[in-house]
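J.: My structure is below; once you've seen it, I'll send some questions.
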Amino acid sequence: MSEHKESLNFIEEIIEEDLRNGKHDGRIHTRFPPEPNGYLHIGHTKAIWVNFGLAEKYGGVTNLRFDDTNPTTEETEYVDNIKKDIAWLGYKWDEREYYTSDYFQTLYDYAVTLIKKDLAFVDDSTADEIAEQKGVPSKPGKESPYKTRSIEENLKLFEGMKNGEFEDGSKVLRVKVDMTSPNMHMRDPVIYRIKKETHHRTGDEWCIYPMYDFAHGQSDSVEKITHSLCSLEFIHHRPLYNWFIEKLEIFPSRQIEFARMNVSYMITSKRKLLRLVEGGMVDGWNDPRMPTISGLRRRGYTPKSIRDFCAATGLAKRDNVIEVELLESILRNELNQDAQRVHVVLNPVPLVITNYPEGKVEMMVAKINPMDEDSPTREIPFSGRLLIERDDFMEEDPGKKYYRMAPGRNVRLKNGYILNCTGCTKDADGNITEVQATYYEDSRSGSDTSGVKPKGTMHYVSEQHAIEAQVNLYDRLFTDPTPTSHENKDYLEFVNPDSLKVIEKAYCEPYLVNAKQDDKFQFIRLGYFTPDYDSTAERLIFNRTVSLKDKWKKKNK
RNA sequence: AGACCCAUGGUGUAAUGGUAACACUACGGUUUUUGGUAUCGUCAUUCUAGGUUCGAGUCCUAGUGGGUCUACCA
């Protein structure tokens with residue numbers, strides 16, 4: 001038996017080595033630390049997958065921690081949405097729901113410790129002055145004139161800051177690291193600032209708030225996080241992260257950075273997404289075209305498809321733009337297995353079967369999901385007057401590569417009969433108002449003895465039995481794979497004007513009256529659809545999740 | 001400009017010093033009562049130049065290219 005070695009990503013290798021060395025007694029503990037100031041999007045799913053997924057794989061656990069150190073931007077509403085999104089993705093944090101704001105007292109005490117060790121000082125410089133002191137990376141910075149304050153004075157002033165004795169912006173607490181470091185984050189970074197604002201959880205209890213660098217790593221330590229997995233843009237913070245662990249002598253969590261995931265035709269900048277929402281280009285943060293988790297959910301994406309996508313795209317440190325086609329492929333793959341098949345006609349033209357007995361109705365029995373051996377069946381009404389897609393008929397036969405209806409052509413109706421097209425009727429403007437055909441009586445689906453072998457198969461609905469629905473045809477939001485990468489062009493110029501096409505009246509087979517929220521359908525030959533949040537039994541609304549692959553359409557482009 | 005990170009088909013990820021693999025895309029077949037699915041095939045002198053080695057995508061050096069950082073945001 002040969003040992004098949006599973007290939008590991010670089011973080012799994014680190015974890016396995018730690019496990020081999022018995023580090024932290026073999027404990028794996030990660031965290032996902034969103035700031036509750038916006039909605040989660042496709043990019044966040046990677047970080048969620050990494051932190052939750054890796055802990056799960058190695059028998060560890062993951063904390064959900066809200067990094068709420070900035071009262072200006074954070075709101076409880078976001079907390080609730082973030083929890084909903086993560087739960088929907090299928091990850092559990094049980095009772096491990098934490099808030100950095102829970103540690104405000106601990107963090108304050110840590111700061112006092114640093115002051116006592118003469119490693120922190122209160123600085124009266126303005127933000128501009130501090131920036132000036134830090135200078136540029138290529139030249140050493142200048143020391144703050146306040147850096148020489150005594151420990152006692154610093155202690156007193158910091159307490160004063162805490163007690164609200166000073167105005168916003170008048171003082172900050174800084175740590176004494178290294179003003180000559182080429183790493184700007186090491187140039188005596190600010191760790192506390194005054195903000196007399198109401199915090200979503202601590203209210204007015206505090207008026208000083210720790211900065212990211214003095215909150216994140218320390219929270220990791222407090223929670224005994226073993227592996228703090230974050231995206232590459234934090235790599236320059238790591239020396240500081242480790243500096244605090246060393247100086248504070250706290251639990252040595254380890255920060256490991258990976259490349260964030262970018263997806264073509266999507267953007268993830270909060271600010272840029274906000275412009276779409278505010279500009280009315282989309283219908284809110286959960287518009288089915290948005291890359292937000294709530295948008296993807298409304299669009300009909302499944303949690304599994306998103307998790308599988310994260311897994312399929314791997315983990316590394318190089319910049320990447322993953323083609324949406326991969327996401328769509330994974331999605332289609334899942335939906336193909338699970339979706340209920342139905343007949344829906346989006347752009348109808350009546351089809352009259354001239355030799356079909358007047359008033360006759362037959363019920364065609366069809367599998368709901370042909371991919372499933374034991375699929376239950378449904379009944380599709382068939383009659384002499386049907387609706388078919390306008391695109392499925394051509395008055396002039398375009399040649400032998402064409403498989404659909406044209407005068408003289410045979411074509412199979414899925415779950416129906418084989419037809420021979422005889423012609424069409426047009427109105428005064430030349431628009432086709434009706435297509436005519438005859439049917440082969442012995443060609444019924446399932447008991448076809450006609451011997452006729454048509455090349456094409458089409459879907460239909462019986463006109464008198466059809467139910468109406470609104471159908472939203474969503475397409476990608478941008479016409480360019482990387483809309484924000486163009487120096488001279490605003491990304492809004494690439495907003496796809498055809499990203500939504502609303503079909504007010506589509507015609508569905510009766511089976512769809514029972515469509516429920518979260519149901520996944522394949523409209524045969526058209527694509528995958530799911531009921532919109534606003535869909536009701538009285539007024540059905542379907543969103544297109546993704547179209548079917550269509551070689552024919554592609555060929556004819 | 002300095003420091004840091006990165007460099008494998010169109011895209012993404014593998015190959016853990018032993019002759020480039022997998023998935024997606026694209027293109028071309030076969031099958032098919034969804035132009036879907038399934039299935040078969042085609043698409044790379046591993047950024048460049050030196051070096052170490054019997055042997056280098058992998059290790060070393062230099063170069064080139066791309067990214068990141070220079071917030072009282074996270």
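Every chain in the structure tokens takes a letter, A first, then B, and so on in the order presented; its residues are numbered from 1, and the ligands are numbered from 1 following the presented order.
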List every residue of chain B that has an atom at most 10 Å from any atom of chain A, and for each one report the closest atom pair and its distance in Å to one decimal, counting only C-alpha atoms (C1' of nucleotides), with rows sorted by chain and then by increasing residue number, as JSON lines.

T.:
{"residue": "B:A1", "atom": "C1'", "partner": "A:Ser138", "partner_atom": "CA", "distance": 5.7}
{"residue": "B:G2", "atom": "C1'", "partner": "A:Ser138", "partner_atom": "CA", "distance": 3.8}
{"residue": "B:A3", "atom": "C1'", "partner": "A:Pro182", "partner_atom": "CA", "distance": 5.1}
{"residue": "B:C4", "atom": "C1'", "partner": "A:His236", "partner_atom": "CA", "distance": 6.9}
{"residue": "B:C5", "atom": "C1'", "partner": "A:Lys317", "partner_atom": "CA", "distance": 7.7}
{"residue": "B:C6", "atom": "C1'", "partner": "A:Arg318", "partner_atom": "CA", "distance": 5.2}
{"residue": "B:A7", "atom": "C1'", "partner": "A:Arg318", "partner_atom": "CA", "distance": 8.0}
{"residue": "B:U11", "atom": "C1'", "partner": "A:Glu323", "partner_atom": "CA", "distance": 6.0}
{"residue": "B:G12", "atom": "C1'", "partner": "A:Thr313", "partner_atom": "CA", "distance": 5.8}
{"residue": "B:U13", "atom": "C1'", "partner": "A:Gly314", "partner_atom": "CA", "distance": 5.6}
{"residue": "B:A14", "atom": "C1'", "partner": "A:Ser7", "partner_atom": "CA", "distance": 7.1}
{"residue": "B:A15", "atom": "C1'", "partner": "A:Ser7", "partner_atom": "CA", "distance": 9.0}
{"residue": "B:U16", "atom": "C1'", "partner": "A:Ser7", "partner_atom": "CA", "distance": 9.4}
{"residue": "B:A23", "atom": "C1'", "partner": "A:Ala312", "partner_atom": "CA", "distance": 7.5}
{"residue": "B:C24", "atom": "C1'", "partner": "A:Leu326", "partner_atom": "CA", "distance": 5.0}
{"residue": "B:U25", "atom": "C1'", "partner": "A:Glu325", "partner_atom": "CA", "distance": 7.3}
{"residue": "B:U33", "atom": "C1'", "partner": "A:Lys414", "partner_atom": "CA", "distance": 5.6}
{"residue": "B:U34", "atom": "C1'", "partner": "A:Arg525", "partner_atom": "CA", "distance": 4.9}
{"residue": "B:G35", "atom": "C1'", "partner": "A:Trp552", "partner_atom": "CA", "distance": 5.1}
{"residue": "B:G36", "atom": "C1'", "partner": "A:Leu548", "partner_atom": "CA", "distance": 6.4}
{"residue": "B:U37", "atom": "C1'", "partner": "A:Asn336", "partner_atom": "CA", "distance": 7.7}
{"residue": "B:G66", "atom": "C1'", "partner": "A:Asp319", "partner_atom": "CA", "distance": 8.7}
{"residue": "B:G67", "atom": "C1'", "partner": "A:Asp319", "partner_atom": "CA", "distance": 7.1}
{"residue": "B:U68", "atom": "C1'", "partner": "A:Glu233", "partner_atom": "CA", "distance": 6.2}
{"residue": "B:C69", "atom": "C1'", "partner": "A:His236", "partner_atom": "CA", "distance": 6.6}
{"residue": "B:U70", "atom": "C1'", "partner": "A:Met184", "partner_atom": "CA", "distance": 5.7}
{"residue": "B:A71", "atom": "C1'", "partner": "A:Ala127", "partner_atom": "CA", "distance": 8.9}
{"residue": "B:C72", "atom": "C1'", "partner": "A:Arg193", "partner_atom": "CA", "distance": 5.2}
{"residue": "B:C73", "atom": "C1'", "partner": "A:Asn70", "partner_atom": "CA", "distance": 8.0}
{"residue": "B:A74", "atom": "C1'", "partner": "A:Tyr212", "partner_atom": "CA", "distance": 6.2}

J.: Give me every strand (DSSP E) residue in range 20-260 of chain A, going by DSSP on the backbone, as a PyMOL selection string.

T.: chain A and resi 29-32+61-66+97-99+120-123+172-175+190-194+208-210+227-231+254-258

J.: Any idea what the distance is between CA of Ser231 in chain A and CA of Arg201 in chain A?

T.: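 Separating CA of Ser231 in chain A from CA of Arg201 in chain A is a distance of 26.9 Å.
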
J.: Excluding range 53-65 of chain B and residues on its chain fewer than 3 positions from it, collect all residues at most 7 Å away from it, counting only C-alpha atoms (C1' of nucleotides), and give them as an mmCIF file with all heavy atoms, in the first residue's frame.

T.:
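Below is the file selection-v9.cif, written as the result:
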data_model
loop_
_atom_site.group_PDB
_atom_site.id
_atom_site.type_symbol
_atom_site.label_atom_id
_atom_site.label_comp_id
_atom_site.auth_asym_id
_atom_site.auth_seq_id
_atom_site.Cartn_x
_atom_site.Cartn_y
_atom_site.Cartn_z
ATOM 1 P P U B 8 4.436 32.788 -10.985
ATOM 2 O OP1 U B 8 3.951 33.533 -12.150
ATOM 3 O OP2 U B 8 3.605 32.638 -9.791
ATOM 4 O "O5'" U B 8 4.885 31.349 -11.459
ATOM 5 C "C5'" U B 8 5.964 31.194 -12.383
ATOM 6 C "C4'" U B 8 5.907 29.816 -12.971
ATOM 7 O "O4'" U B 8 6.132 28.840 -11.913
ATOM 8 C "C3'" U B 8 4.566 29.412 -13.545
ATOM 9 O "O3'" U B 8 4.419 29.896 -14.872
ATOM 10 C "C2'" U B 8 4.659 27.890 -13.509
ATOM 11 O "O2'" U B 8 5.495 27.416 -14.546
ATOM 12 C "C1'" U B 8 5.361 27.677 -12.166
ATOM 13 N N1 U B 8 4.419 27.489 -11.055
ATOM 14 C C2 U B 8 3.884 26.219 -10.890
ATOM 15 O O2 U B 8 4.158 25.296 -11.629
ATOM 16 N N3 U B 8 3.017 26.095 -9.836
ATOM 17 C C4 U B 8 2.640 27.064 -8.950
ATOM 18 O O4 U B 8 1.865 26.794 -8.056
ATOM 19 C C5 U B 8 3.234 28.357 -9.188
ATOM 20 C C6 U B 8 4.074 28.511 -10.213
ATOM 21 P P G B 17 13.173 18.327 -0.150
ATOM 22 O OP1 G B 17 14.065 17.295 0.388
ATOM 23 O OP2 G B 17 13.185 19.687 0.381
ATOM 24 O "O5'" G B 17 13.428 18.435 -1.709
ATOM 25 C "C5'" G B 17 14.561 19.179 -2.201
ATOM 26 C "C4'" G B 17 14.676 18.813 -3.656
ATOM 27 O "O4'" G B 17 15.882 19.369 -4.150
ATOM 28 C "C3'" G B 17 14.743 17.313 -3.868
ATOM 29 O "O3'" G B 17 14.139 16.960 -5.111
ATOM 30 C "C2'" G B 17 16.255 17.075 -3.951
ATOM 31 O "O2'" G B 17 16.591 15.958 -4.730
ATOM 32 C "C1'" G B 17 16.730 18.351 -4.641
ATOM 33 N N9 G B 17 18.112 18.694 -4.305
ATOM 34 C C8 G B 17 18.727 18.685 -3.093
ATOM 35 N N7 G B 17 19.978 19.004 -3.148
ATOM 36 C C5 G B 17 20.213 19.228 -4.495
ATOM 37 C C6 G B 17 21.402 19.591 -5.161
ATOM 38 O O6 G B 17 22.518 19.793 -4.699
ATOM 39 N N1 G B 17 21.209 19.712 -6.534
ATOM 40 C C2 G B 17 20.015 19.518 -7.174
ATOM 41 N N2 G B 17 20.007 19.688 -8.509
ATOM 42 N N3 G B 17 18.880 19.174 -6.561
ATOM 43 C C4 G B 17 19.069 19.044 -5.231
ATOM 44 P P G B 18 13.390 15.616 -5.248
ATOM 45 O OP1 G B 18 11.949 15.851 -5.342
ATOM 46 O OP2 G B 18 13.934 14.734 -4.212
ATOM 47 O "O5'" G B 18 13.901 15.068 -6.654
ATOM 48 C "C5'" G B 18 13.545 15.774 -7.853
ATOM 49 C "C4'" G B 18 13.932 14.957 -9.079
ATOM 50 O "O4'" G B 18 15.291 14.491 -8.917
ATOM 51 C "C3'" G B 18 13.103 13.694 -9.315
ATOM 52 O "O3'" G B 18 13.041 13.502 -10.734
ATOM 53 C "C2'" G B 18 13.912 12.603 -8.642
ATOM 54 O "O2'" G B 18 13.745 11.333 -9.267
ATOM 55 C "C1'" G B 18 15.331 13.073 -8.887
ATOM 56 N N9 G B 18 16.307 12.732 -7.840
ATOM 57 C C8 G B 18 16.088 12.488 -6.513
ATOM 58 N N7 G B 18 17.197 12.274 -5.840
ATOM 59 C C5 G B 18 18.204 12.367 -6.796
ATOM 60 C C6 G B 18 19.603 12.247 -6.678
ATOM 61 O O6 G B 18 20.274 12.038 -5.668
ATOM 62 N N1 G B 18 20.252 12.423 -7.896
ATOM 63 C C2 G B 18 19.606 12.682 -9.071
ATOM 64 N N2 G B 18 20.392 12.811 -10.137
ATOM 65 N N3 G B 18 18.299 12.819 -9.207
ATOM 66 C C4 G B 18 17.675 12.641 -8.035
ATOM 67 P P U B 46 11.438 26.435 -18.104
ATOM 68 O OP1 U B 46 12.482 27.431 -18.377
ATOM 69 O OP2 U B 46 11.688 25.366 -17.135
ATOM 70 O "O5'" U B 46 10.097 27.210 -17.702
ATOM 71 C "C5'" U B 46 10.144 28.478 -17.067
ATOM 72 C "C4'" U B 46 9.255 28.464 -15.840
ATOM 73 O "O4'" U B 46 8.792 27.137 -15.547
ATOM 74 C "C3'" U B 46 9.950 28.997 -14.592
ATOM 75 O "O3'" U B 46 9.108 29.995 -14.034
ATOM 76 C "C2'" U B 46 10.056 27.780 -13.683
ATOM 77 O "O2'" U B 46 9.859 28.131 -12.339
ATOM 78 C "C1'" U B 46 8.897 26.904 -14.156
ATOM 79 N N1 U B 46 9.062 25.462 -13.923
ATOM 80 C C2 U B 46 8.425 24.919 -12.812
ATOM 81 O O2 U B 46 7.774 25.598 -12.038
ATOM 82 N N3 U B 46 8.596 23.583 -12.660
ATOM 83 C C4 U B 46 9.298 22.737 -13.471
ATOM 84 O O4 U B 46 9.341 21.541 -13.225
ATOM 85 C C5 U B 46 9.936 23.379 -14.597
ATOM 86 C C6 U B 46 9.801 24.687 -14.778
ATOM 87 P P U B 48 13.251 32.421 -17.404
ATOM 88 O OP1 U B 48 13.224 31.706 -18.702
ATOM 89 O OP2 U B 48 13.433 31.653 -16.149
ATOM 90 O "O5'" U B 48 14.368 33.541 -17.460
ATOM 91 C "C5'" U B 48 14.358 34.527 -18.486
ATOM 92 C "C4'" U B 48 15.509 35.470 -18.275
ATOM 93 O "O4'" U B 48 15.254 36.277 -17.079
ATOM 94 C "C3'" U B 48 16.844 34.804 -17.975
ATOM 95 O "O3'" U B 48 17.485 34.394 -19.170
ATOM 96 C "C2'" U B 48 17.595 35.912 -17.262
ATOM 97 O "O2'" U B 48 18.103 36.870 -18.166
ATOM 98 C "C1'" U B 48 16.481 36.545 -16.427
ATOM 99 N N1 U B 48 16.412 36.003 -15.050
ATOM 100 C C2 U B 48 17.340 36.477 -14.135
ATOM 101 O O2 U B 48 18.203 37.283 -14.420
ATOM 102 N N3 U B 48 17.226 35.963 -12.866
ATOM 103 C C4 U B 48 16.286 35.043 -12.434
ATOM 104 O O4 U B 48 16.310 34.678 -11.265
ATOM 105 C C5 U B 48 15.372 34.595 -13.444
ATOM 106 C C6 U B 48 15.462 35.079 -14.684
#
